[in-house]
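Chemist: Got a structure for you, written out below as structure tokens; questions coming shortly.
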Amino acid sequence: MRKRTLVTALSALAFSLGSCGLASGAKQGSSDGGAADNIAAQIAAVTDEQLQGTSIKLARFFGDCDDTAAHQTDISKATTECEAIQILTNKFVAENKWGIKVERLGGANWFSYYDALNAALASSDRPDVAVMHGSNLPDYASRGLLLPLGDELGVDLSDATDPASEAISFDGKNYAVPFDIHAIVSHLNMDILEQAGLVKNGIYEMPTSAEEFLADAQTVKEKTGKTYIDIALTNDPMASRFWMSMIWQQGAEFIDVDQKTAYAASDQAKVALNLLVTLAKERYADVTHDYDASMQAFSRGGSAIMYNGSWAVNQFTLEVPFHYEVANAPMLFDTPVTWANSHTWEFRCSKKRIL
């Protein structure tokens with residue numbers, strides 16, 4: 001589904017742009033998306049002439065890769081997330097019959113993306129389509145900032161998984177097109193683990209308890225001098241994802257959905273936090289690494305394990321100079337769970353198109 005979703009979403013958006021232009025009197029800020037009530041009729045009225053030369057404003061993160069994907073339209077050539085997004089965008093621009101162009105709105109660094117998106121939504125230069133994590137969607141949908149989507153847009157969601165479908169839904173309506181589901185995994189430098197004597201019969205068995213986890217960390221440190229696990233602990237939410245996962249693995253929660261409250265002082269939360277503190281104090285992890293530094297350190301062979309998402313697998317497979325394998329994220333308590341999220345594509349009429 002992922003390889004065609006962005007192209008499909010951009011094609012569908014081409015029609016929604018026309019409908020936005022026809023949406024006279026649309027009320028901004030309404031939770032039902034204003035003009036969306038009559039969107040089917042509006043889309044049906046859009047003509048080829050109206051679509052000719054239209055420009056779509058696309059807000060996204062995923063980094064910059066113009067040097068490798070600026071003119072590429074063959075998705076099989078993509079090796080990174082950035083290249084996949086850029087190539088799919090190029091493919092739409094090259095193949096759509098109306099000559100529609102795609103204008104990108106910032107977003108090279110994802111950790112500053114939502115700040116930039118919020119600023120754009122508050123201005124007259126709003127994006128028409130934006131990438132968004134499923135966990136962020138309810139906030140924006142509840143404030144009437146996203147266009148509710150119906151069958152009239154022609155996006156087939158029949159092959160979407162249940163988690164993907166849930167990620168695009170809020171208050172009984174769909175507000176996005178699902179793109180992927182991504183989870184944290186363990187990226188392994190088998191050369192370092194072998195040097196530490198932790199590989200048996202060609203396999204590294206991931207620890208199944210906090211005690212085993214810290215014992216392996218100490219072994220790697222003593223025998224190789226390398227970092228055991230690289231987690232982006234600075235200017236990145238990766239540490240919080242580790243912390244949340246360790247709470248869930250203990251069968252606990254830190255958010256009460258019904259009461260809309262968070263509680264971070266439970267015994268399970270303290271155990272999870274202490275585990276992170278130990279990794280930092282014993283220098284089993286490097287506290288100075290942000291996301292880019294973490295990626296670079298692992299790629300250069302500086303750490304035995306990298307705590308990162310499934311999105312990095314293709315890149316590491318092609319680029320790292322060592323024996324690379326992938327395993328489940330650390331499962332150190334009784335309940336085997338890990339952090340996961342979804343990327344989705346949301347539509348939003350630009351302010352200048354709402355009359």
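Residues in the structure tokens are numbered from 1 in each chain, the chains being A, B, ... in the order shown, and ligands are numbered from 1 in the order shown.
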Residues of region 183-316 of chain A classed as helix (DSSP H, G or I) by DSSP on the backbone are to be reported as a PyMOL selection string.

Modeler: chain A and resi 190-195+210-224+238-249+267-281+291-299+310-316

Chemist: If you count only C-alpha atoms, which residues fall within 12 Å of region 314-322 of chain A, apart from same-chain ones fewer than 6 positions away, as a ChimeraX atom specification?

Modeler: /A:76-84,186-194,295-304,306,308

Chemist: Keeping N, CA, C and O atoms for every residue in the selection just given, could you write it to a file as a CSV table (one decimal), in the first residue's frame?

Modeler:
```csv
chain,number,residue,atom,x,y,z
A,76,SER,N,11.5,1.9,-7.3
A,76,SER,CA,12.4,0.8,-7.0
A,76,SER,C,13.8,1.2,-6.7
A,76,SER,O,14.6,0.5,-6.1
A,77,LYS,N,14.1,2.5,-7.0
A,77,LYS,CA,15.5,3.0,-6.8
A,77,LYS,C,15.6,3.7,-5.4
A,77,LYS,O,16.7,4.0,-5.0
A,78,ALA,N,14.5,3.7,-4.7
A,78,ALA,CA,14.5,4.4,-3.4
A,78,ALA,C,15.2,3.5,-2.3
A,78,ALA,O,14.9,2.3,-2.3
A,79,THR,N,16.1,4.1,-1.6
A,79,THR,CA,16.8,3.3,-0.5
A,79,THR,C,16.5,3.9,0.9
A,79,THR,O,16.9,3.3,1.9
A,80,THR,N,16.0,5.1,0.9
A,80,THR,CA,15.7,5.7,2.2
A,80,THR,C,14.3,6.3,2.2
A,80,THR,O,13.6,6.4,1.1
A,81,GLU,N,13.7,6.6,3.3
A,81,GLU,CA,12.4,7.2,3.4
A,81,GLU,C,12.3,8.5,2.6
A,81,GLU,O,11.4,8.7,1.8
A,82,CYS,N,13.3,9.3,2.7
A,82,CYS,CA,13.3,10.6,1.9
A,82,CYS,C,13.2,10.3,0.5
A,82,CYS,O,12.5,11.0,-0.3
A,83,GLU,N,14.1,9.4,0.0
A,83,GLU,CA,14.0,9.1,-1.5
A,83,GLU,C,12.7,8.5,-1.9
A,83,GLU,O,12.2,8.9,-3.0
A,84,ALA,N,12.1,7.7,-1.1
A,84,ALA,CA,10.8,7.2,-1.4
A,84,ALA,C,9.7,8.3,-1.6
A,84,ALA,O,9.0,8.3,-2.5
A,186,SER,N,15.5,-3.3,17.0
A,186,SER,CA,16.9,-3.3,17.3
A,186,SER,C,17.8,-3.5,16.1
A,186,SER,O,17.7,-4.6,15.5
A,187,HIS,N,18.6,-2.5,15.8
A,187,HIS,CA,19.6,-2.7,14.7
A,187,HIS,C,20.9,-3.2,15.2
A,187,HIS,O,21.4,-2.6,16.2
A,188,LEU,N,21.4,-4.3,14.7
A,188,LEU,CA,22.5,-4.9,15.3
A,188,LEU,C,23.8,-4.8,14.5
A,188,LEU,O,23.8,-5.1,13.3
A,189,ASN,N,24.9,-4.5,15.2
A,189,ASN,CA,26.2,-4.6,14.6
A,189,ASN,C,26.8,-5.9,15.1
A,189,ASN,O,27.3,-6.0,16.2
A,190,MET,N,26.6,-6.9,14.3
A,190,MET,CA,27.0,-8.3,14.7
A,190,MET,C,28.5,-8.4,14.9
A,190,MET,O,29.0,-9.3,15.7
A,191,ASP,N,29.3,-7.6,14.2
A,191,ASP,CA,30.8,-7.6,14.4
A,191,ASP,C,31.1,-7.3,15.9
A,191,ASP,O,32.0,-8.0,16.5
A,192,ILE,N,30.6,-6.2,16.4
A,192,ILE,CA,30.8,-5.8,17.8
A,192,ILE,C,30.3,-6.9,18.8
A,192,ILE,O,31.0,-7.3,19.7
A,193,LEU,N,29.1,-7.4,18.5
A,193,LEU,CA,28.6,-8.4,19.4
A,193,LEU,C,29.4,-9.7,19.4
A,193,LEU,O,29.6,-10.4,20.4
A,194,GLU,N,29.9,-10.0,18.2
A,194,GLU,CA,30.8,-11.2,18.1
A,194,GLU,C,32.1,-11.0,18.8
A,194,GLU,O,32.6,-11.8,19.6
A,295,MET,N,22.5,8.1,14.3
A,295,MET,CA,22.6,7.4,13.0
A,295,MET,C,24.0,7.3,12.5
A,295,MET,O,24.5,6.2,12.1
A,296,GLN,N,24.7,8.4,12.6
A,296,GLN,CA,26.1,8.4,12.1
A,296,GLN,C,27.0,7.4,13.0
A,296,GLN,O,27.9,6.7,12.4
A,297,ALA,N,26.8,7.5,14.3
A,297,ALA,CA,27.7,6.6,15.1
A,297,ALA,C,27.5,5.2,14.9
A,297,ALA,O,28.4,4.4,14.8
A,298,PHE,N,26.2,4.8,14.7
A,298,PHE,CA,25.9,3.4,14.4
A,298,PHE,C,26.5,3.0,13.0
A,298,PHE,O,27.1,1.9,12.9
A,299,SER,N,26.3,3.9,12.1
A,299,SER,CA,26.7,3.6,10.7
A,299,SER,C,28.2,3.4,10.6
A,299,SER,O,28.7,2.6,9.8
A,300,ARG,N,28.9,4.1,11.4
A,300,ARG,CA,30.4,4.0,11.4
A,300,ARG,C,30.9,2.9,12.3
A,300,ARG,O,32.1,2.7,12.4
A,301,GLY,N,30.0,2.1,12.9
A,301,GLY,CA,30.5,1.0,13.7
A,301,GLY,C,30.8,1.4,15.2
A,301,GLY,O,31.6,0.7,15.8
A,302,GLY,N,30.2,2.4,15.7
A,302,GLY,CA,30.5,2.9,17.1
A,302,GLY,C,29.6,2.3,18.1
A,302,GLY,O,29.9,2.5,19.3
A,303,SER,N,28.6,1.5,17.8
A,303,SER,CA,27.7,0.9,18.8
A,303,SER,C,27.2,-0.4,18.4
A,303,SER,O,27.1,-0.7,17.2
A,304,ALA,N,27.0,-1.3,19.4
A,304,ALA,CA,26.5,-2.7,19.1
A,304,ALA,C,25.1,-2.7,18.6
A,304,ALA,O,24.7,-3.5,17.8
A,306,MET,N,21.5,-0.3,17.8
A,306,MET,CA,20.8,1.0,17.7
A,306,MET,C,19.3,0.9,17.9
A,306,MET,O,18.7,0.0,17.3
A,308,ASN,N,16.1,2.2,17.2
A,308,ASN,CA,15.6,3.1,16.1
A,308,ASN,C,14.4,2.4,15.4
A,308,ASN,O,14.2,1.2,15.7
```

Chemist: Kindly indicate which residue among A:Ala141, A:Val93, A:Ser55, A:Ala160 lies nearest to Gln72 (chain A), using only C-alpha atoms for the distances.

Modeler: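 Counting only C-alpha atoms, the residue closest to Gln72 (chain A) is A:Val93.
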
Chemist: Measuring between only C-alpha atoms, which one of A:Met244, A:Ile56, A:Leu121, A:Val287 shows the shortest distance to Lys101 (chain A)?

Modeler: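 Once distances to Lys101 (chain A) are computed over only C-alpha atoms, the minimum belongs to A:Ile56.
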
Chemist: Can you tell me how far CA of Ala262 (chain A) sits from CA of Leu276 (chain A), in Å to one decimal?

Modeler: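 Interatomic distance, CA of Ala262 (chain A) to CA of Leu276 (chain A): 19.8 Å.
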
Chemist: Just how far from CA of His182 (chain A) is CA of Asp64 (chain A), in Å to one decimal?

Modeler: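 Taking CA of Asp64 (chain A) as the start and CA of His182 (chain A) as the end point, the length is 20.1 Å.
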
Chemist: Pick out the closest residue to Leu275 (chain A) from this set: A:Thr338, A:Glu211, A:Trp248, A:Ile100. Count only C-alpha atoms.

Modeler: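 Comparing A:Thr338, A:Glu211, A:Trp248, A:Ile100 against Leu275 (chain A), the winner is A:Glu211.
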
Chemist: Please run DSSP on the backbone and report, as a short mmCIF file (atom, residue, chain, number, x, y, z; two decimals) with C-alpha atoms, in the first residue's frame, all residues within region 43-268 of chain A that come out as strand (DSSP E or B).

Modeler:
```cif
data_model
loop_
_atom_site.label_atom_id
_atom_site.label_comp_id
_atom_site.auth_asym_id
_atom_site.auth_seq_id
_atom_site.Cartn_x
_atom_site.Cartn_y
_atom_site.Cartn_z
CA SER A 55 0.05 23.82 -7.63
CA ILE A 56 -0.24 21.59 -4.54
CA LYS A 57 1.51 22.70 -1.37
CA LEU A 58 2.94 19.64 0.38
CA ALA A 59 4.21 19.86 3.95
CA LYS A 101 3.15 20.82 -9.69
CA VAL A 102 4.03 20.09 -6.07
CA GLU A 103 5.53 22.83 -3.91
CA ARG A 104 7.24 21.57 -0.77
CA LEU A 105 6.85 23.55 2.44
CA VAL A 129 -1.65 18.20 2.08
CA ALA A 130 0.59 17.37 5.01
CA VAL A 131 2.19 14.31 6.49
CA MET A 132 1.21 13.69 10.09
CA HIS A 133 1.69 10.97 12.67
CA LEU A 149 -12.47 12.32 3.80
CA SER A 169 -10.04 8.14 12.32
CA PHE A 170 -11.35 10.65 14.83
CA LYS A 173 -14.75 10.20 10.57
CA ASN A 174 -11.65 9.58 8.47
CA VAL A 177 -4.95 8.48 3.98
CA PRO A 178 -2.79 5.89 5.79
CA PHE A 179 0.77 5.56 4.58
CA ASP A 180 2.56 3.15 6.89
CA ILE A 181 2.93 1.67 10.35
CA HIS A 182 6.41 1.92 11.82
CA ALA A 183 7.78 0.44 15.02
CA ILE A 184 11.00 0.51 16.99
CA VAL A 185 13.38 -2.39 16.34
CA SER A 186 16.95 -3.28 17.34
CA HIS A 187 19.55 -2.66 14.65
CA LEU A 188 22.51 -4.95 15.35
CA ASN A 189 26.22 -4.60 14.61
CA VAL A 199 27.05 -14.28 19.48
CA LYS A 200 26.31 -18.01 19.69
CA ILE A 203 22.88 -15.53 16.55
CA TYR A 204 22.66 -12.78 19.13
CA THR A 227 28.67 1.84 23.13
CA TYR A 228 26.21 -0.96 23.79
CA ILE A 229 23.03 0.76 22.63
CA ASP A 230 22.71 4.02 20.74
CA ILE A 255 -2.14 7.83 30.30
CA ASP A 256 -5.76 7.58 31.38
CA THR A 261 -4.65 12.64 32.41
CA ALA A 262 -1.05 11.44 32.52
#
```

Chemist: What does the distance from CA of Leu137 (chain A) to CA of Phe92 (chain A) come to in Å, to one decimal?

Modeler: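 The value is 24.8 Å.
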
Chemist: Which one of A:Ala164, A:Met238, A:Val271, A:Ala196 sits closest to Asp216 (chain A) if you count only C-alpha atoms?

Modeler: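 Among A:Ala164, A:Met238, A:Val271, A:Ala196, it is A:Ala196 that comes nearest to Asp216 (chain A).
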
Chemist: Have a look at A:Thr68, A:Asn235, A:Thr208, A:Ser245 and name the one nearest to Trp110 (chain A); count only C-alpha atoms.

Modeler: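 Checking each candidate against Trp110 (chain A), we get A:Asn235 as the closest.
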
Chemist: Of the residues A:Ser165, A:Arg60, A:Ala122, A:Met246, which is the one nearest to Ser209 (chain A), using only C-alpha atoms?

Modeler: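 Among the listed residues, the smallest separation from Ser209 (chain A) belongs to A:Met246.
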
Chemist: Please provide the set of residues having any atom within 9 Å of Gly197 (chain A), restricted to only C-alpha atoms, with same-chain residues fewer than 6 positions apart removed, written as a ChimeraX atom specification.

Modeler: /A:219-220,223

Chemist: For the residues in the current selection, export all heavy atoms as a PDB file, in the first residue's frame.

Modeler:
```pdb
ATOM      1  N   THR A 219      29.412  -6.129  29.266  1.00  0.00           N
ATOM      2  CA  THR A 219      30.325  -6.993  28.501  1.00  0.00           C
ATOM      3  C   THR A 219      30.837  -6.279  27.257  1.00  0.00           C
ATOM      4  O   THR A 219      32.030  -6.324  26.946  1.00  0.00           O
ATOM      5  CB  THR A 219      29.608  -8.296  28.103  1.00  0.00           C
ATOM      6  OG1 THR A 219      29.233  -9.008  29.281  1.00  0.00           O
ATOM      7  CG2 THR A 219      30.506  -9.179  27.252  1.00  0.00           C
ATOM      8  N   VAL A 220      29.942  -5.633  26.526  1.00  0.00           N
ATOM      9  CA  VAL A 220      30.349  -4.902  25.326  1.00  0.00           C
ATOM     10  C   VAL A 220      31.324  -3.791  25.692  1.00  0.00           C
ATOM     11  O   VAL A 220      32.355  -3.597  25.024  1.00  0.00           O
ATOM     12  CB  VAL A 220      29.114  -4.337  24.585  1.00  0.00           C
ATOM     13  CG1 VAL A 220      29.545  -3.332  23.517  1.00  0.00           C
ATOM     14  CG2 VAL A 220      28.307  -5.458  23.952  1.00  0.00           C
ATOM     15  N   LYS A 223      34.834  -5.441  26.764  1.00  0.00           N
ATOM     16  CA  LYS A 223      35.572  -6.207  25.765  1.00  0.00           C
ATOM     17  C   LYS A 223      35.813  -5.468  24.453  1.00  0.00           C
ATOM     18  O   LYS A 223      36.709  -5.836  23.695  1.00  0.00           O
ATOM     19  CB  LYS A 223      34.846  -7.523  25.492  1.00  0.00           C
ATOM     20  CG  LYS A 223      34.836  -8.448  26.700  1.00  0.00           C
ATOM     21  CD  LYS A 223      34.344  -9.846  26.334  1.00  0.00           C
ATOM     22  CE  LYS A 223      34.455 -10.790  27.517  1.00  0.00           C
ATOM     23  NZ  LYS A 223      34.026 -12.176  27.168  1.00  0.00           N
TER      24      LYS A 223
END
```
